[in-house]
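Peer 1: Structure in structure tokens, see below.
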Amino acid sequence: MSKKAIIKRLQDFIKANQLINKGKIGIAVSGGPDSIFLAHSLNILKNDLGIKIYILHFNHMLRKEAKEEEQFVKEFSNSIDANFLSDSFDVGKFAKNNKLSTEEAARIKRYEFLNSCKTRLNLNLIAIAHTKNDIAETFLINMLRGSSIKGLSSLRIKRGFYIRPLIFLEKKEIIDYLKENRIEYKTDSSNFYKGFLRNRIRLELMEQLKDINPNIVDTLYRESEILSKEDRLLDNIAEKEFTKRLVLFNKERLILNIDRLSNDNAILYRLISMAAKKLLNTQYSLSFKNIERIALIKNTQTVVLRKKLKAYTNKDRLVFEKL
């Protein structure tokens with residue numbers, strides 16, 4: 001595929017989904033092929049889109065080559081005359097101190113950095129370089145762990161001020177483009193470490209599934225898109241129910257009237273998730289297992305979640321309290 005063709009596809013995708021409407025755009029760039037392609041292509045389109053680009057790089061301090069990659073991204077930013085902002089944090093130590101997996105700790109600290117960039121630079125949007133492959137892998141990861149529709153369709157085109165302009169492209173298309181146009185990128189050695197579930201999914205399970213369905217990446221991507229549309233519909237219904245059923249809300253407590261909502265009702269599960277997020281003032285998401293624990297509470301039971309929240313029932317009312 002020619003250089004102009006793939007850039008035109010990206011431009012059409014952005015316009016069709018109304019992802020960018022001028023302004024200041026932050027781009028999360030690790031130095032890998034996907035993020036380098038995203039920054040490269042948005043730089044080509046910046047005049048047509050009416051945007052100013054900021055390259056955002058977070059050093060997790062997990063690998064010896066991390067500092068070298070940070071310098072690479074900085075030099076790349078200079079080559080396209082883009083603003084550059086970076087930060088670093090000892091994610092390994094953070095993971096150990098908080099009893100988190102390295103993957104989860106890295107995600108938490110990376111998004112803390114990106115959120116701070118949004119404020120510090122007054123950005124309109126932040127672009128993340130997730131591809132169709134990431135959608136497929138995330139679908140399988142969440143399915144294997146046990147997830148709701150929301151988890152199976154968690155990587156959306158747009159969520160808040162985060163956008164994912166590359167989710168319609170497969171990684172192979174991106175790498176082929178970079179090689180054909182002699183654009184340098186870095187390969188993260190940790191992508192081959194099979195101690196990470198995502199790597200095992202990508203390196204082993206996906207390859208086995210391709211023997212059954214050669215188009216498995218596209219199939220899982222389309223399935224995720226279907227579930228995403230259904231999830232948005234249920235969210236709209238749940239938001240209206242939440243407004244009607246909210247009895248009390250303050251800094252320490254939230255009470256919902258759950259009269260006539262059965263325990264297996266999908267709306268009840270969403271109301272529980274919304275209540276936790278509202279009371280904690282965060283995007284903290286309850287696992288499907290914890291939502292189910294709350295939905296099945298008996299009158300004499302109290303459910304405690306991660307030492308942050310407790311929930312119990314009082315007749316037809318579901319009570320959430322901060323700990």
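Residue names in the structure tokens use chain letters A, B, ... in the order shown, residue numbers from 1 in each chain, and ligand numbers from 1 in the order shown.
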Skipping near chain neighbours, those fewer than 6 positions away, what residues fall within 7 Å of A:Ile51 using only C-alpha atoms, listed as a PyMOL selection string?
Peer 2: chain A and resi 22-25
Peer 1: Would you mind listing what lies within 7 Å of A:Phe139 as a PyMOL selection string, with only C-alpha atoms counted and same-chain residues fewer than 2 positions away left out?
Peer 2: chain A and resi 135-137+141-143+152-153+224
Peer 1: Now that the selection is made, can you save its residues with N, CA and C atoms as a short mmCIF file (atom, residue, chain, number, x, y, z; two decimals), in the first residue's frame?
Peer 2:
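Contents of the output file part-v3.cif:
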```cif
data_model
loop_
_atom_site.label_atom_id
_atom_site.label_comp_id
_atom_site.auth_asym_id
_atom_site.auth_seq_id
_atom_site.Cartn_x
_atom_site.Cartn_y
_atom_site.Cartn_z
N ILE A 135 -7.05 -4.59 20.25
CA ILE A 135 -8.46 -4.83 20.53
C ILE A 135 -8.70 -6.33 20.67
N ALA A 136 -8.18 -7.11 19.71
CA ALA A 136 -8.37 -8.56 19.72
C ALA A 136 -7.73 -9.20 20.95
N GLU A 137 -6.51 -8.79 21.28
CA GLU A 137 -5.81 -9.36 22.43
C GLU A 137 -6.52 -9.02 23.74
N ILE A 141 -8.00 -11.53 26.58
CA ILE A 141 -7.53 -11.42 27.97
C ILE A 141 -8.70 -11.31 28.93
N ASN A 142 -9.62 -10.39 28.62
CA ASN A 142 -10.76 -10.17 29.51
C ASN A 142 -11.73 -11.34 29.50
N MET A 143 -11.87 -12.00 28.37
CA MET A 143 -12.73 -13.17 28.29
C MET A 143 -12.17 -14.30 29.16
N LEU A 152 -15.18 -6.73 27.59
CA LEU A 152 -14.89 -7.30 26.28
C LEU A 152 -14.82 -6.22 25.20
N SER A 153 -15.31 -5.05 25.50
CA SER A 153 -15.28 -3.95 24.52
C SER A 153 -14.64 -2.71 25.14
N SER A 224 -15.89 -7.15 19.17
CA SER A 224 -15.74 -6.12 20.18
C SER A 224 -16.54 -4.87 19.82
#
```
Peer 1: Tell me which of A:Ala275, A:Leu42, A:Leu155, A:Leu166 sits closest to A:Ser228, counting only C-alpha atoms.
Peer 2: A:Leu155
Peer 1: Write down as a PyMOL selection string the residues belonging to stretch 1-240 of chain A that are assigned alpha helix (DSSP H) by DSSP computed on the backbone.
Peer 2: chain A and resi 3-16+33-49+66-79+91-97+102-120+132-145+149-152+171-180+197-200+206-212+216-240
Peer 1: Have a look at A:Arg317, A:Arg306, A:Lys118, A:Lys210 and name the one nearest to A:Leu246; count only C-alpha atoms.
Peer 2: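 Of A:Arg317, A:Arg306, A:Lys118, A:Lys210, the one nearest A:Leu246 is A:Arg317, counting only C-alpha atoms.
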Peer 1: Do you know which residues are at most 12 Å from A:Glu65 counting only C-alpha atoms, after dropping those on the same chain fewer than 3 positions away, and could you put them as JSON, numbers by chain?
Peer 2: {"A": [31, 59, 60, 61, 62, 68, 69, 70, 71, 72, 186, 187, 188, 189, 190]}
Peer 1: For the selection you just gave me, I'd like the residues written to a file as an mmCIF file, in the first residue's frame, keeping C-alpha atoms.
Peer 2:
```cif
data_model
loop_
_atom_site.group_PDB
_atom_site.id
_atom_site.type_symbol
_atom_site.label_atom_id
_atom_site.label_comp_id
_atom_site.auth_asym_id
_atom_site.auth_seq_id
_atom_site.Cartn_x
_atom_site.Cartn_y
_atom_site.Cartn_z
ATOM 1 C CA GLY A 31 9.149 4.580 20.560
ATOM 2 C CA ASN A 59 9.845 6.050 31.088
ATOM 3 C CA HIS A 60 8.770 3.114 33.302
ATOM 4 C CA MET A 61 12.386 2.462 34.361
ATOM 5 C CA LEU A 62 11.866 -1.275 33.895
ATOM 6 C CA GLU A 68 17.973 5.204 25.314
ATOM 7 C CA GLU A 69 14.376 4.893 24.081
ATOM 8 C CA GLU A 70 13.458 8.153 25.803
ATOM 9 C CA GLN A 71 16.294 9.884 23.962
ATOM 10 C CA PHE A 72 15.161 8.281 20.698
ATOM 11 C CA LYS A 186 12.321 0.707 18.697
ATOM 12 C CA THR A 187 11.369 -2.842 19.647
ATOM 13 C CA ASP A 188 10.502 -3.346 23.311
ATOM 14 C CA SER A 189 12.331 -6.504 24.467
ATOM 15 C CA SER A 190 9.682 -7.074 27.160
#
```
Peer 1: Env of stretch 294-302 of chain A: 8 Å cut, atoms = only C-alpha atoms, seq-sep filter 4 positions within chain, self excluded. Answer as number ranges by chain.
Peer 2: A: 263, 268-269, 272, 290, 310-315
Peer 1: Near A:Arg253, counting only C-alpha atoms, which residues have an atom at most 7 Å away, once you skip same-chain residues fewer than 6 positions from it, shown as a PDB file with C-alpha atoms, in the first residue's frame?
Peer 2:
```
ATOM      1  CA  LEU A 279     -18.675   7.746  45.459  1.00  0.00           C
ATOM      2  CA  PHE A 320     -22.324   2.202  49.655  1.00  0.00           C
ATOM      3  CA  GLU A 321     -19.945   3.722  52.189  1.00  0.00           C
ATOM      4  CA  LYS A 322     -16.315   4.826  51.953  1.00  0.00           C
TER       5      LYS A 322
END
```
Peer 1: Excluding A:Ile163 and residues on its chain fewer than 5 positions from it, collect all residues at most 6 Å away from it, counting only C-alpha atoms, and give them as a list in words.
Peer 2: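 Selected residues are Ala127, Ile157 and Lys158 of chain A.
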Peer 1: Store the residues picked out above in a file with C-alpha atoms, as a short mmCIF file (atom, residue, chain, number, x, y, z; two decimals), in the first residue's frame.
Peer 2:
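Written file, out-v1.cif:
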```
data_model
loop_
_atom_site.label_atom_id
_atom_site.label_comp_id
_atom_site.auth_asym_id
_atom_site.auth_seq_id
_atom_site.Cartn_x
_atom_site.Cartn_y
_atom_site.Cartn_z
CA ALA A 127 -4.06 10.01 21.13
CA ILE A 157 -12.38 4.64 19.66
CA LYS A 158 -12.92 7.48 22.11
#
```
Peer 1: Skip A:Tyr193 itself and residues of its chain fewer than 4 positions away, then list as a ChimeraX atom specification all residues within 12 Å of it, counting only C-alpha atoms.
Peer 2: /A:103,188-189,197-204
Peer 1: Could you check how far atom CA of A:Met274 sits from atom CA of A:Arg245, in Å to one decimal?
Peer 2: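 These two atoms are separated by 11.9 Å.
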